[in-house]
>>> print(open('my_file.cif').read())   # mmCIF, C-alpha atoms
data_protein
#
loop_
_atom_site.group_PDB
_atom_site.id
_atom_site.type_symbol
_atom_site.label_atom_id
_atom_site.label_comp_id
_atom_site.auth_asym_id
_atom_site.auth_seq_id
_atom_site.Cartn_x
_atom_site.Cartn_y
_atom_site.Cartn_z
ATOM 1 C CA MET N 7 -11.600 -5.443 -30.006
ATOM 2 C CA SER N 8 -9.459 -8.492 -29.487
ATOM 3 C CA THR N 9 -10.648 -12.067 -29.535
ATOM 4 C CA ARG N 10 -7.654 -13.512 -27.714
ATOM 5 C CA ILE N 11 -8.604 -15.451 -24.613
ATOM 6 C CA PHE N 12 -6.146 -16.006 -21.774
ATOM 7 C CA PRO N 13 -7.360 -18.976 -19.722
ATOM 8 C CA THR N 14 -4.839 -18.384 -16.929
ATOM 9 C CA VAL N 15 -3.140 -15.394 -15.381
ATOM 10 C CA GLN N 16 0.218 -16.695 -16.526
ATOM 11 C CA ASP N 17 -1.059 -16.895 -20.119
ATOM 12 C CA ALA N 18 -1.912 -13.203 -19.914
ATOM 13 C CA GLU N 19 1.437 -12.325 -18.347
ATOM 14 C CA ASN N 20 3.356 -14.305 -20.949
ATOM 15 C CA ALA N 21 1.416 -12.560 -23.716
ATOM 16 C CA PHE N 22 2.180 -9.188 -22.135
ATOM 17 C CA TYR N 23 5.933 -9.730 -22.183
ATOM 18 C CA GLU N 24 5.846 -11.308 -25.632
ATOM 19 C CA ALA N 25 4.047 -8.241 -26.968
ATOM 20 C CA LEU N 26 6.615 -6.049 -25.230
ATOM 21 C CA GLU N 27 9.504 -7.907 -26.848
ATOM 22 C CA ARG N 28 7.847 -7.824 -30.269
ATOM 23 C CA ALA N 29 6.768 -4.181 -29.896
ATOM 24 C CA ASP N 30 3.353 -5.357 -31.089
ATOM 25 C CA LEU N 31 0.774 -2.744 -30.145
ATOM 26 C CA GLU N 32 -2.321 -4.776 -30.994
ATOM 27 C CA ALA N 33 -1.034 -7.842 -29.180
ATOM 28 C CA MET N 34 -0.205 -5.625 -26.209
ATOM 29 C CA MET N 35 -3.636 -4.022 -26.054
ATOM 30 C CA ALA N 36 -5.259 -7.463 -26.397
ATOM 31 C CA VAL N 37 -3.792 -8.302 -22.981
ATOM 32 C CA TRP N 38 -5.432 -5.318 -21.323
ATOM 33 C CA SER N 39 -8.940 -5.125 -19.956
ATOM 34 C CA GLU N 40 -11.301 -3.195 -22.202
ATOM 35 C CA ASP N 41 -12.493 -1.139 -19.225
ATOM 36 C CA GLU N 42 -11.497 2.465 -18.691
ATOM 37 C CA GLU N 43 -10.168 1.754 -15.189
ATOM 38 C CA ILE N 44 -6.748 0.624 -16.370
ATOM 39 C CA VAL N 45 -3.479 2.141 -15.215
ATOM 40 C CA CYS N 46 0.004 1.870 -16.716
ATOM 41 C CA VAL N 47 3.146 3.389 -15.198
ATOM 42 C CA HIS N 48 6.300 3.005 -17.277
ATOM 43 C CA PRO N 49 9.656 3.346 -15.503
ATOM 44 C CA ALA N 50 10.168 6.986 -14.543
ATOM 45 C CA GLY N 51 7.050 7.865 -16.487
ATOM 46 C CA GLN N 52 3.876 9.552 -15.455
ATOM 47 C CA ARG N 53 0.743 7.545 -14.835
ATOM 48 C CA LEU N 54 -1.333 6.646 -17.875
ATOM 49 C CA ALA N 55 -5.007 5.952 -17.112
ATOM 50 C CA GLY N 56 -7.734 4.717 -19.450
ATOM 51 C CA GLN N 57 -7.610 3.068 -22.862
ATOM 52 C CA ALA N 58 -6.465 6.089 -24.865
ATOM 53 C CA GLN N 59 -3.529 7.036 -22.644
ATOM 54 C CA VAL N 60 -2.356 3.459 -22.131
ATOM 55 C CA ARG N 61 -2.464 2.712 -25.869
ATOM 56 C CA GLU N 62 -0.657 5.933 -26.741
ATOM 57 C CA GLY N 63 2.065 5.151 -24.203
ATOM 58 C CA TRP N 64 2.741 1.771 -25.775
ATOM 59 C CA ARG N 65 2.506 3.222 -29.284
ATOM 60 C CA GLN N 66 5.278 5.676 -28.452
ATOM 61 C CA MET N 67 7.367 2.992 -26.770
ATOM 62 C CA PHE N 68 6.982 0.641 -29.725
ATOM 63 C CA ALA N 69 7.575 3.299 -32.398
ATOM 64 C CA GLY N 70 11.191 2.235 -32.835
ATOM 65 C CA GLY N 71 10.290 -1.402 -33.375
ATOM 66 C CA PRO N 72 11.362 -4.418 -31.358
ATOM 67 C CA GLY N 73 14.731 -4.254 -29.678
ATOM 68 C CA MET N 74 14.701 -5.811 -26.253
ATOM 69 C CA ARG N 75 14.578 -9.148 -24.510
ATOM 70 C CA VAL N 76 12.794 -9.376 -21.183
ATOM 71 C CA GLN N 77 13.536 -12.042 -18.616
ATOM 72 C CA ILE N 78 11.106 -12.336 -15.723
ATOM 73 C CA GLY N 79 12.150 -13.521 -12.298
ATOM 74 C CA GLN N 80 11.512 -13.456 -8.577
ATOM 75 C CA GLN N 81 7.781 -13.603 -9.078
ATOM 76 C CA VAL N 82 5.622 -13.061 -6.005
ATOM 77 C CA VAL N 83 2.024 -14.015 -6.622
ATOM 78 C CA ALA N 84 -1.266 -13.358 -4.875
ATOM 79 C CA ALA N 85 -3.968 -15.155 -6.825
ATOM 80 C CA GLY N 86 -7.703 -15.271 -6.285
ATOM 81 C CA MET N 87 -10.730 -16.379 -8.245
ATOM 82 C CA MET N 88 -11.247 -13.031 -9.929
ATOM 83 C CA VAL N 89 -8.125 -10.970 -9.298
ATOM 84 C CA ALA N 90 -4.428 -11.780 -9.354
ATOM 85 C CA VAL N 91 -1.464 -9.643 -8.395
ATOM 86 C CA HIS N 92 2.013 -10.468 -9.661
ATOM 87 C CA SER N 93 5.179 -8.728 -8.535
ATOM 88 C CA VAL N 94 8.083 -9.529 -10.836
ATOM 89 C CA HIS N 95 11.569 -8.400 -11.660
ATOM 90 C CA GLU N 96 12.118 -7.539 -15.297
ATOM 91 C CA ILE N 97 15.645 -8.087 -16.581
ATOM 92 C CA ILE N 98 15.842 -6.212 -19.877
ATOM 93 C CA THR N 99 18.557 -6.679 -22.445
ATOM 94 C CA VAL N 100 18.596 -4.121 -25.221
ATOM 95 C CA ALA N 101 19.696 -5.254 -28.674
ATOM 96 C CA GLY N 102 23.372 -4.493 -29.224
ATOM 97 C CA GLU N 103 24.202 -4.352 -25.534
ATOM 98 C CA GLN N 104 26.303 -7.084 -23.950
ATOM 99 C CA ARG N 105 24.766 -7.080 -20.505
ATOM 100 C CA PRO N 106 21.270 -6.752 -19.105
ATOM 101 C CA ARG N 107 20.318 -3.414 -17.688
ATOM 102 C CA PRO N 108 19.647 -3.007 -13.967
ATOM 103 C CA PRO N 109 16.383 -4.724 -13.138
ATOM 104 C CA MET N 110 12.964 -3.171 -12.997
ATOM 105 C CA VAL N 111 10.321 -4.165 -10.499
ATOM 106 C CA ALA N 112 6.793 -4.436 -11.839
ATOM 107 C CA THR N 113 3.431 -4.812 -10.187
ATOM 108 C CA ASN N 114 0.984 -6.460 -12.575
ATOM 109 C CA VAL N 115 -2.709 -6.779 -11.667
ATOM 110 C CA TYR N 116 -5.081 -8.990 -13.637
ATOM 111 C CA LEU N 117 -8.842 -9.447 -13.563
ATOM 112 C CA ARG N 118 -10.840 -12.423 -14.659
ATOM 113 C CA THR N 119 -13.284 -11.136 -17.251
ATOM 114 C CA PRO N 120 -15.847 -12.886 -19.432
ATOM 115 C CA ALA N 121 -13.056 -12.903 -22.049
ATOM 116 C CA GLY N 122 -10.511 -14.529 -19.758
ATOM 117 C CA TRP N 123 -7.778 -12.909 -17.690
ATOM 118 C CA ARG N 124 -6.840 -9.348 -18.600
ATOM 119 C CA MET N 125 -4.390 -6.822 -17.220
ATOM 120 C CA VAL N 126 -5.710 -3.763 -15.389
ATOM 121 C CA VAL N 127 -2.513 -2.393 -13.811
ATOM 122 C CA HIS N 128 1.124 -2.427 -14.914
ATOM 123 C CA HIS N 129 3.411 -0.359 -12.690
ATOM 124 C CA ALA N 130 7.131 -0.625 -13.408
ATOM 125 C CA SER N 131 10.018 1.249 -11.825
ATOM 126 C CA PRO N 132 13.781 0.830 -11.494
ATOM 127 C CA ALA N 133 14.905 -1.479 -8.694
ATOM 128 C CA PRO N 134 18.401 -0.270 -7.838
ATOM 129 C CA GLY N 135 20.763 -2.646 -6.182
ATOM 130 C CA GLU N 136 18.810 -5.774 -6.988
ATOM 131 C CA PRO N 137 21.032 -8.784 -7.511
ATOM 132 C CA ALA N 138 20.445 -9.699 -11.135
ATOM 133 C CA ALA N 139 21.909 -13.138 -10.484
ATOM 134 C CA ASP N 140 18.774 -14.032 -8.538
ATOM 135 C CA ALA N 141 16.551 -13.227 -11.445
ATOM 136 C CA ALA N 142 16.124 -16.815 -12.493
ATOM 137 C CA ALA N 143 15.193 -17.969 -8.996
ATOM 138 C CA GLU N 144 12.128 -20.125 -8.670
ATOM 139 C CA PRO N 145 8.915 -18.202 -8.215
ATOM 140 C CA SER N 146 7.453 -18.342 -4.752
ATOM 141 C CA ALA N 147 4.490 -20.580 -4.088
ATOM 142 C CA PRO N 148 1.318 -18.760 -5.069
ATOM 143 C CA LYS N 149 -0.766 -17.301 -2.334
ATOM 144 C CA ILE N 150 -4.427 -18.217 -2.579
ATOM 145 C CA LEU N 151 -6.684 -15.300 -1.815
ATOM 146 C CA HIS N 152 -9.846 -15.764 0.169
ATOM 147 C CA MET P 29 -0.284 -8.561 16.156
ATOM 148 C CA SER P 30 -2.614 -5.669 15.617
ATOM 149 C CA THR P 31 -6.243 -5.538 16.589
ATOM 150 C CA ARG P 32 -7.152 -2.612 14.355
ATOM 151 C CA ILE P 33 -10.008 -3.374 11.997
ATOM 152 C CA PHE P 34 -10.525 -1.432 8.781
ATOM 153 C CA PRO P 35 -14.130 -1.914 7.691
ATOM 154 C CA THR P 36 -13.560 -0.301 4.283
ATOM 155 C CA VAL P 37 -10.697 -0.040 1.835
ATOM 156 C CA GLN P 38 -10.638 3.706 2.302
ATOM 157 C CA ASP P 39 -10.279 3.255 6.074
ATOM 158 C CA ALA P 40 -7.169 1.166 5.416
ATOM 159 C CA GLU P 41 -5.789 3.667 2.916
ATOM 160 C CA ASN P 42 -6.397 6.583 5.261
ATOM 161 C CA ALA P 43 -4.641 4.708 8.073
ATOM 162 C CA PHE P 44 -1.712 3.968 5.760
ATOM 163 C CA TYR P 45 -1.101 7.620 4.941
ATOM 164 C CA GLU P 46 -1.709 8.723 8.552
ATOM 165 C CA ALA P 47 0.923 6.251 9.713
ATOM 166 C CA LEU P 48 3.260 7.554 7.001
ATOM 167 C CA GLU P 49 2.801 11.146 8.147
ATOM 168 C CA ARG P 50 3.267 10.220 11.807
ATOM 169 C CA ALA P 51 6.214 7.917 11.063
ATOM 170 C CA ASP P 52 4.426 5.389 13.274
ATOM 171 C CA LEU P 53 5.834 1.937 12.548
ATOM 172 C CA GLU P 54 3.290 -0.067 14.521
ATOM 173 C CA ALA P 55 0.374 1.846 13.017
ATOM 174 C CA MET P 56 1.908 1.303 9.582
ATOM 175 C CA MET P 57 2.341 -2.431 10.012
ATOM 176 C CA ALA P 58 -1.209 -2.693 11.381
ATOM 177 C CA VAL P 59 -2.431 -1.672 7.922
ATOM 178 C CA TRP P 60 -0.585 -4.519 6.219
ATOM 179 C CA SER P 61 -1.774 -8.059 5.795
ATOM 180 C CA GLU P 62 -0.113 -10.492 8.183
ATOM 181 C CA ASP P 63 0.681 -12.828 5.296
ATOM 182 C CA GLU P 64 4.153 -13.243 3.876
ATOM 183 C CA GLU P 65 2.996 -12.417 0.344
ATOM 184 C CA ILE P 66 3.258 -8.659 0.784
ATOM 185 C CA VAL P 67 5.314 -6.375 -1.424
ATOM 186 C CA CYS P 68 6.458 -2.798 -0.854
ATOM 187 C CA VAL P 69 8.390 -0.700 -3.367
ATOM 188 C CA HIS P 70 9.487 2.719 -2.122
ATOM 189 C CA PRO P 71 10.313 5.381 -4.715
ATOM 190 C CA ALA P 72 13.583 4.425 -6.415
ATOM 191 C CA GLY P 73 13.984 1.607 -3.937
ATOM 192 C CA GLN P 74 14.358 -2.093 -4.413
ATOM 193 C CA ARG P 75 11.446 -4.397 -3.844
ATOM 194 C CA LEU P 76 10.762 -5.456 -0.280
ATOM 195 C CA ALA P 77 8.865 -8.743 0.080
ATOM 196 C CA GLY P 78 7.529 -10.405 3.221
ATOM 197 C CA GLN P 79 6.907 -9.109 6.717
ATOM 198 C CA ALA P 80 10.532 -8.707 7.787
ATOM 199 C CA GLN P 81 11.697 -6.726 4.748
ATOM 200 C CA VAL P 82 8.614 -4.522 4.602
ATOM 201 C CA ARG P 83 8.845 -3.682 8.317
ATOM 202 C CA GLU P 84 12.567 -2.962 8.111
ATOM 203 C CA GLY P 85 11.987 -0.643 5.144
ATOM 204 C CA TRP P 86 9.469 1.416 7.070
ATOM 205 C CA ARG P 87 11.622 1.354 10.204
ATOM 206 C CA GLN P 88 14.488 2.916 8.273
ATOM 207 C CA MET P 89 12.201 5.452 6.629
ATOM 208 C CA PHE P 90 10.668 6.435 9.968
ATOM 209 C CA ALA P 91 13.969 6.571 11.868
ATOM 210 C CA GLY P 92 14.148 10.345 11.564
ATOM 211 C CA GLY P 93 10.682 10.845 12.960
ATOM 212 C CA PRO P 94 7.694 12.495 11.327
ATOM 213 C CA GLY P 95 8.408 15.235 8.835
ATOM 214 C CA MET P 96 6.100 15.111 5.871
ATOM 215 C CA ARG P 97 2.533 15.830 4.849
ATOM 216 C CA VAL P 98 0.964 13.652 2.185
ATOM 217 C CA GLN P 99 -1.929 14.795 0.043
ATOM 218 C CA ILE P 100 -3.663 12.118 -2.020
ATOM 219 C CA GLY P 101 -5.317 12.856 -5.323
ATOM 220 C CA GLN P 102 -6.384 11.571 -8.712
ATOM 221 C CA GLN P 103 -7.475 8.270 -7.262
ATOM 222 C CA VAL P 104 -8.388 5.532 -9.722
ATOM 223 C CA VAL P 105 -10.173 2.653 -8.052
ATOM 224 C CA ALA P 106 -10.957 -0.933 -9.001
ATOM 225 C CA ALA P 107 -12.907 -2.442 -6.125
ATOM 226 C CA GLY P 108 -14.226 -5.953 -5.669
ATOM 227 C CA MET P 109 -15.647 -8.003 -2.827
ATOM 228 C CA MET P 110 -12.277 -9.320 -1.704
ATOM 229 C CA VAL P 111 -9.625 -7.256 -3.467
ATOM 230 C CA ALA P 112 -9.282 -3.556 -4.221
ATOM 231 C CA VAL P 113 -6.693 -1.738 -6.279
ATOM 232 C CA HIS P 114 -6.110 1.984 -5.820
ATOM 233 C CA SER P 115 -3.876 4.096 -8.009
ATOM 234 C CA VAL P 116 -3.182 7.476 -6.421
ATOM 235 C CA HIS P 117 -0.926 10.449 -6.723
ATOM 236 C CA GLU P 118 0.958 11.325 -3.563
ATOM 237 C CA ILE P 119 1.807 14.995 -3.138
ATOM 238 C CA ILE P 120 4.415 15.140 -0.413
ATOM 239 C CA THR P 121 5.439 18.285 1.441
ATOM 240 C CA VAL P 122 8.516 17.941 3.602
ATOM 241 C CA ALA P 123 8.670 19.969 6.814
ATOM 242 C CA GLY P 124 10.577 23.193 6.263
ATOM 243 C CA GLU P 125 10.011 23.245 2.505
ATOM 244 C CA GLN P 126 7.710 25.828 0.977
ATOM 245 C CA ARG P 127 6.371 23.783 -1.910
ATOM 246 C CA PRO P 128 5.311 20.198 -2.408
ATOM 247 C CA ARG P 129 7.754 17.907 -4.125
ATOM 248 C CA PRO P 130 6.983 16.479 -7.559
ATOM 249 C CA PRO P 131 4.228 13.907 -7.200
ATOM 250 C CA MET P 132 4.645 10.189 -6.748
ATOM 251 C CA VAL P 133 2.313 7.651 -8.278
ATOM 252 C CA ALA P 134 1.383 4.727 -6.060
ATOM 253 C CA THR P 135 -0.367 1.446 -6.704
ATOM 254 C CA ASN P 136 -1.984 0.186 -3.516
ATOM 255 C CA VAL P 137 -3.589 -3.265 -3.374
ATOM 256 C CA TYR P 138 -5.816 -4.336 -0.497
ATOM 257 C CA LEU P 139 -7.356 -7.660 0.486
ATOM 258 C CA ARG P 140 -10.406 -8.267 2.591
ATOM 259 C CA THR P 141 -9.282 -10.509 5.429
ATOM 260 C CA PRO P 142 -11.089 -11.866 8.484
ATOM 261 C CA ALA P 143 -9.612 -8.818 10.257
ATOM 262 C CA GLY P 144 -10.935 -6.325 7.719
ATOM 263 C CA TRP P 145 -9.183 -4.747 4.761
ATOM 264 C CA ARG P 146 -5.395 -4.930 4.727
ATOM 265 C CA MET P 147 -2.701 -3.780 2.340
ATOM 266 C CA VAL P 148 -0.731 -6.386 0.378
ATOM 267 C CA VAL P 149 1.064 -4.199 -2.180
ATOM 268 C CA HIS P 150 2.368 -0.630 -2.073
ATOM 269 C CA HIS P 151 4.376 0.368 -5.132
ATOM 270 C CA ALA P 152 5.393 4.021 -5.351
ATOM 271 C CA SER P 153 7.559 5.753 -7.930
ATOM 272 C CA PRO P 154 8.187 9.304 -9.104
ATOM 273 C CA ALA P 155 5.669 10.620 -11.634
ATOM 274 C CA PRO P 156 7.602 13.280 -13.522
ATOM 275 C CA GLY P 157 5.684 15.965 -15.271
ATOM 276 C CA GLU P 158 2.427 15.398 -13.489
ATOM 277 C CA PRO P 159 0.446 18.575 -12.976
ATOM 278 C CA ALA P 160 0.337 18.954 -9.201
ATOM 279 C CA ALA P 161 -2.539 21.409 -9.543
ATOM 280 C CA ASP P 162 -4.794 18.515 -10.477
ATOM 281 C CA ALA P 163 -3.965 16.606 -7.345
ATOM 282 C CA ALA P 164 -7.109 17.628 -5.547
ATOM 283 C CA ALA P 165 -9.365 16.552 -8.398
ATOM 284 C CA GLU P 166 -12.324 14.409 -7.516
ATOM 285 C CA PRO P 167 -11.614 10.712 -7.494
ATOM 286 C CA SER P 168 -13.049 8.790 -10.387
ATOM 287 C CA ALA P 169 -16.155 6.709 -9.859
ATOM 288 C CA PRO P 170 -15.159 3.339 -8.457
ATOM 289 C CA LYS P 171 -15.109 0.405 -10.817
ATOM 290 C CA ILE P 172 -16.955 -2.602 -9.506
ATOM 291 C CA LEU P 173 -15.104 -5.810 -10.187
ATOM 292 C CA HIS P 174 -16.938 -8.942 -11.203
#
>>> encode(input="my_file.cif", output="structure tokens")
Amino acid sequence: MSTRIFPTVQDAENAFYEALERADLEAMMAVWSEDEEIVCVHPAGQRLAGQAQVREGWRQMFAGGPGMRVQIGQQVVAAGMMVAVHSVHEIITVAGEQRPRPPMVATNVYLRTPAGWRMVVHHASPAPGEPAADAAAEPSAPKILH
Amino acid sequence: MSTRIFPTVQDAENAFYEALERADLEAMMAVWSEDEEIVCVHPAGQRLAGQAQVREGWRQMFAGGPGMRVQIGQQVVAAGMMVAVHSVHEIITVAGEQRPRPPMVATNVYLRTPAGWRMVVHHASPAPGEPAADAAAEPSAPKILH
């Protein structure tokens, strides 16, 4: 499908949030693994599993075009040779709104594939009561898996 | 801390949900990695990161004692030598209630440590509209990571 290569996990994560901001379905799906064992949970949404469901979920979300800015913060990382897990806070500002919405917490899991790092899990849910002011805090030192 | 060894990922996952049903804090924490890079997101809760926050979250949840049954279904598995990711639906029945509550979707990430498999991420959120009748469906065939 896609020929984009993400040499690092962070490249893949950056591409994920760029695609989200641009509401770019093909760029979004290029971040995902081409396997069927992929899982996407949008905030307050049901689980989407496999290529068809995950793509359809993004298609619906992107149908209205781009309209949000996403700031990522408070990243907690567990990184190995073949798998990486990122926990991040997503601070979303919707076009036309003065203030960011309450933060989301997302668990993002990436695999190292022959085509570089790809996402296999995105699980996002509202994180009530999180202090948005901390969103720009430095990410924690990455944990090296065994 | 704990001397419990979980030889397989499923052993660790079973112990996690048993501890949840029994509201057993020590059994729960024995499932978790002893590293600081652990993350727990309870449904509609803020992210808990590190040993102290994760333990305190479970302590508060267990303060009322045991009172729920948890049925696990629709498991999607990505399993490697050192890391495993499980996506499951949790069907929770609270004591005294006739019917299960609407399902939760949980992302559970496990690492293989010198002390066996341990949990590093538990992220649960409501999964509205999921057909509870499918909860007992066979788990999908595990995906072998590279």
>>> resolve_selection(input="my_file.cif", expression="the PyMOL selection byres ((chain P) within 7 of (chain N))", output="ChimeraX atom specification")
/P:65,72-75,104,106,133,153-158,171
>>> axis_aligned_box(input="my_file.cif", around="stretch 36-40 of chain N", padding_each_side="8 Å", output="AutoDock Vina command-line options")
--center_x -7.5 --center_y -5.7 --center_z -23.2 --size_x 23.5 --size_y 21.1 --size_z 22.4
>>> atom_distance(input="my_file.cif", atom1="atom CA of N:Ala69", atom2="atom CA of N:Ala101")
15.3 Å
>>> residues_around(input="my_file.cif", residues="stretch 50-57 of chain P", least_positions_apart="6", cutoff="8 Å", atoms="all atoms listed in the file", output="list in words")
Ala43, Phe44, Arg83, Trp86, Arg87, Met89, Phe90, Ala91, Gly93, Pro94 and Gly95 of chain P
>>> residues_around(input="my_file.cif", residues="N:Met74", least_positions_apart="6", cutoff="12 Å", atoms="all atoms listed in the file", output="PDB file with C-alpha atoms, in the coordinates of the input")
ATOM      1  CA  TYR N  23       5.933  -9.730 -22.183  1.00  0.00           C
ATOM      2  CA  GLU N  24       5.846 -11.308 -25.632  1.00  0.00           C
ATOM      3  CA  ALA N  25       4.047  -8.241 -26.968  1.00  0.00           C
ATOM      4  CA  LEU N  26       6.615  -6.049 -25.230  1.00  0.00           C
ATOM      5  CA  GLU N  27       9.504  -7.907 -26.848  1.00  0.00           C
ATOM      6  CA  ARG N  28       7.847  -7.824 -30.269  1.00  0.00           C
ATOM      7  CA  ALA N  29       6.768  -4.181 -29.896  1.00  0.00           C
ATOM      8  CA  MET N  67       7.367   2.992 -26.770  1.00  0.00           C
ATOM      9  CA  PHE N  68       6.982   0.641 -29.725  1.00  0.00           C
ATOM     10  CA  GLU N  96      12.118  -7.539 -15.297  1.00  0.00           C
ATOM     11  CA  ILE N  97      15.645  -8.087 -16.581  1.00  0.00           C
ATOM     12  CA  ILE N  98      15.842  -6.212 -19.877  1.00  0.00           C
ATOM     13  CA  THR N  99      18.557  -6.679 -22.445  1.00  0.00           C
ATOM     14  CA  VAL N 100      18.596  -4.121 -25.221  1.00  0.00           C
ATOM     15  CA  ALA N 101      19.696  -5.254 -28.674  1.00  0.00           C
ATOM     16  CA  GLY N 102      23.372  -4.493 -29.224  1.00  0.00           C
ATOM     17  CA  GLU N 103      24.202  -4.352 -25.534  1.00  0.00           C
ATOM     18  CA  GLN N 104      26.303  -7.084 -23.950  1.00  0.00           C
ATOM     19  CA  ARG N 105      24.766  -7.080 -20.505  1.00  0.00           C
ATOM     20  CA  PRO N 106      21.270  -6.752 -19.105  1.00  0.00           C
ATOM     21  CA  ARG N 107      20.318  -3.414 -17.688  1.00  0.00           C
TER      22      ARG N 107
END
>>> atom_distance(input="my_file.cif", atom1="atom CA of P:Met147", atom2="atom CA of N:Gln80")
20.4 Å
>>> atom_distance(input="my_file.cif", atom1="atom CA of P:Pro35", atom2="atom CA of P:Ala143")
8.6 Å
>>> residues_around(input="my_file.cif", residues="N:Phe12", least_positions_apart="6", cutoff="7 Å", atoms="all atoms listed in the file", output="ChimeraX atom specification")
/N:18,122-123
>>> decode(input="my_file.cif", residues="stretch 31-93 of chain P", atoms="C-alpha atoms", output="mmCIF file, in the first residue's frame")
data_model
loop_
_atom_site.group_PDB
_atom_site.id
_atom_site.type_symbol
_atom_site.label_atom_id
_atom_site.label_comp_id
_atom_site.auth_asym_id
_atom_site.auth_seq_id
_atom_site.Cartn_x
_atom_site.Cartn_y
_atom_site.Cartn_z
ATOM 1 C CA THR P 31 7.748 -13.815 44.146
ATOM 2 C CA ARG P 32 4.927 -14.862 41.839
ATOM 3 C CA ILE P 33 6.131 -15.996 38.439
ATOM 4 C CA PHE P 34 3.875 -15.939 35.392
ATOM 5 C CA PRO P 35 5.340 -18.304 32.808
ATOM 6 C CA THR P 36 2.970 -17.140 30.057
ATOM 7 C CA VAL P 37 1.241 -13.912 29.134
ATOM 8 C CA GLN P 38 -2.114 -15.546 29.704
ATOM 9 C CA ASP P 39 -1.056 -16.548 33.230
ATOM 10 C CA ALA P 40 -0.352 -12.879 33.942
ATOM 11 C CA GLU P 41 -3.630 -11.755 32.393
ATOM 12 C CA ASN P 42 -5.612 -14.346 34.324
ATOM 13 C CA ALA P 43 -3.928 -13.246 37.558
ATOM 14 C CA PHE P 44 -4.735 -9.616 36.752
ATOM 15 C CA TYR P 45 -8.458 -10.250 36.409
ATOM 16 C CA GLU P 46 -8.521 -12.612 39.415
ATOM 17 C CA ALA P 47 -6.930 -9.899 41.535
ATOM 18 C CA LEU P 48 -9.485 -7.421 40.177
ATOM 19 C CA GLU P 49 -12.382 -9.688 41.122
ATOM 20 C CA ARG P 50 -10.947 -10.368 44.580
ATOM 21 C CA ALA P 51 -10.009 -6.713 45.136
ATOM 22 C CA ASP P 52 -6.624 -8.051 46.245
ATOM 23 C CA LEU P 53 -4.098 -5.219 46.100
ATOM 24 C CA GLU P 54 -0.980 -7.298 46.680
ATOM 25 C CA ALA P 55 -2.031 -9.888 44.109
ATOM 26 C CA MET P 56 -2.766 -7.052 41.687
ATOM 27 C CA MET P 57 0.592 -5.368 42.139
ATOM 28 C CA ALA P 58 2.339 -8.740 41.792
ATOM 29 C CA VAL P 59 1.120 -8.803 38.185
ATOM 30 C CA TRP P 60 2.742 -5.467 37.377
ATOM 31 C CA SER P 61 6.308 -4.869 36.354
ATOM 32 C CA GLU P 62 8.450 -3.456 39.147
ATOM 33 C CA ASP P 63 9.725 -0.731 36.830
ATOM 34 C CA GLU P 64 8.616 2.867 37.075
ATOM 35 C CA GLU P 65 7.537 2.965 33.424
ATOM 36 C CA ILE P 66 4.095 1.506 34.060
ATOM 37 C CA VAL P 67 0.842 3.161 33.063
ATOM 38 C CA CYS P 68 -2.714 2.453 34.199
ATOM 39 C CA VAL P 69 -5.816 4.200 32.867
ATOM 40 C CA HIS P 70 -9.073 3.252 34.582
ATOM 41 C CA PRO P 71 -12.325 3.888 32.710
ATOM 42 C CA ALA P 72 -12.928 7.646 32.596
ATOM 43 C CA GLY P 73 -9.980 8.134 34.901
ATOM 44 C CA GLN P 74 -6.817 10.111 34.516
ATOM 45 C CA ARG P 75 -3.584 8.397 33.664
ATOM 46 C CA LEU P 76 -1.650 6.856 36.524
ATOM 47 C CA ALA P 77 2.090 6.459 35.899
ATOM 48 C CA GLY P 78 4.715 4.784 38.072
ATOM 49 C CA GLN P 79 4.457 2.379 40.976
ATOM 50 C CA ALA P 80 3.053 4.800 43.548
ATOM 51 C CA GLN P 81 0.216 6.165 41.403
ATOM 52 C CA VAL P 82 -0.766 2.787 39.985
ATOM 53 C CA ARG P 83 -0.857 1.184 43.446
ATOM 54 C CA GLU P 84 -2.845 4.059 44.928
ATOM 55 C CA GLY P 85 -5.374 3.816 42.089
ATOM 56 C CA TRP P 86 -5.996 0.151 42.773
ATOM 57 C CA ARG P 87 -6.044 0.728 46.532
ATOM 58 C CA GLN P 88 -8.859 3.234 46.117
ATOM 59 C CA MET P 89 -10.727 0.971 43.718
ATOM 60 C CA PHE P 90 -10.416 -2.002 46.069
ATOM 61 C CA ALA P 91 -11.293 -0.069 49.234
ATOM 62 C CA GLY P 92 -14.874 -1.312 49.166
ATOM 63 C CA GLY P 93 -13.849 -4.930 48.906
#
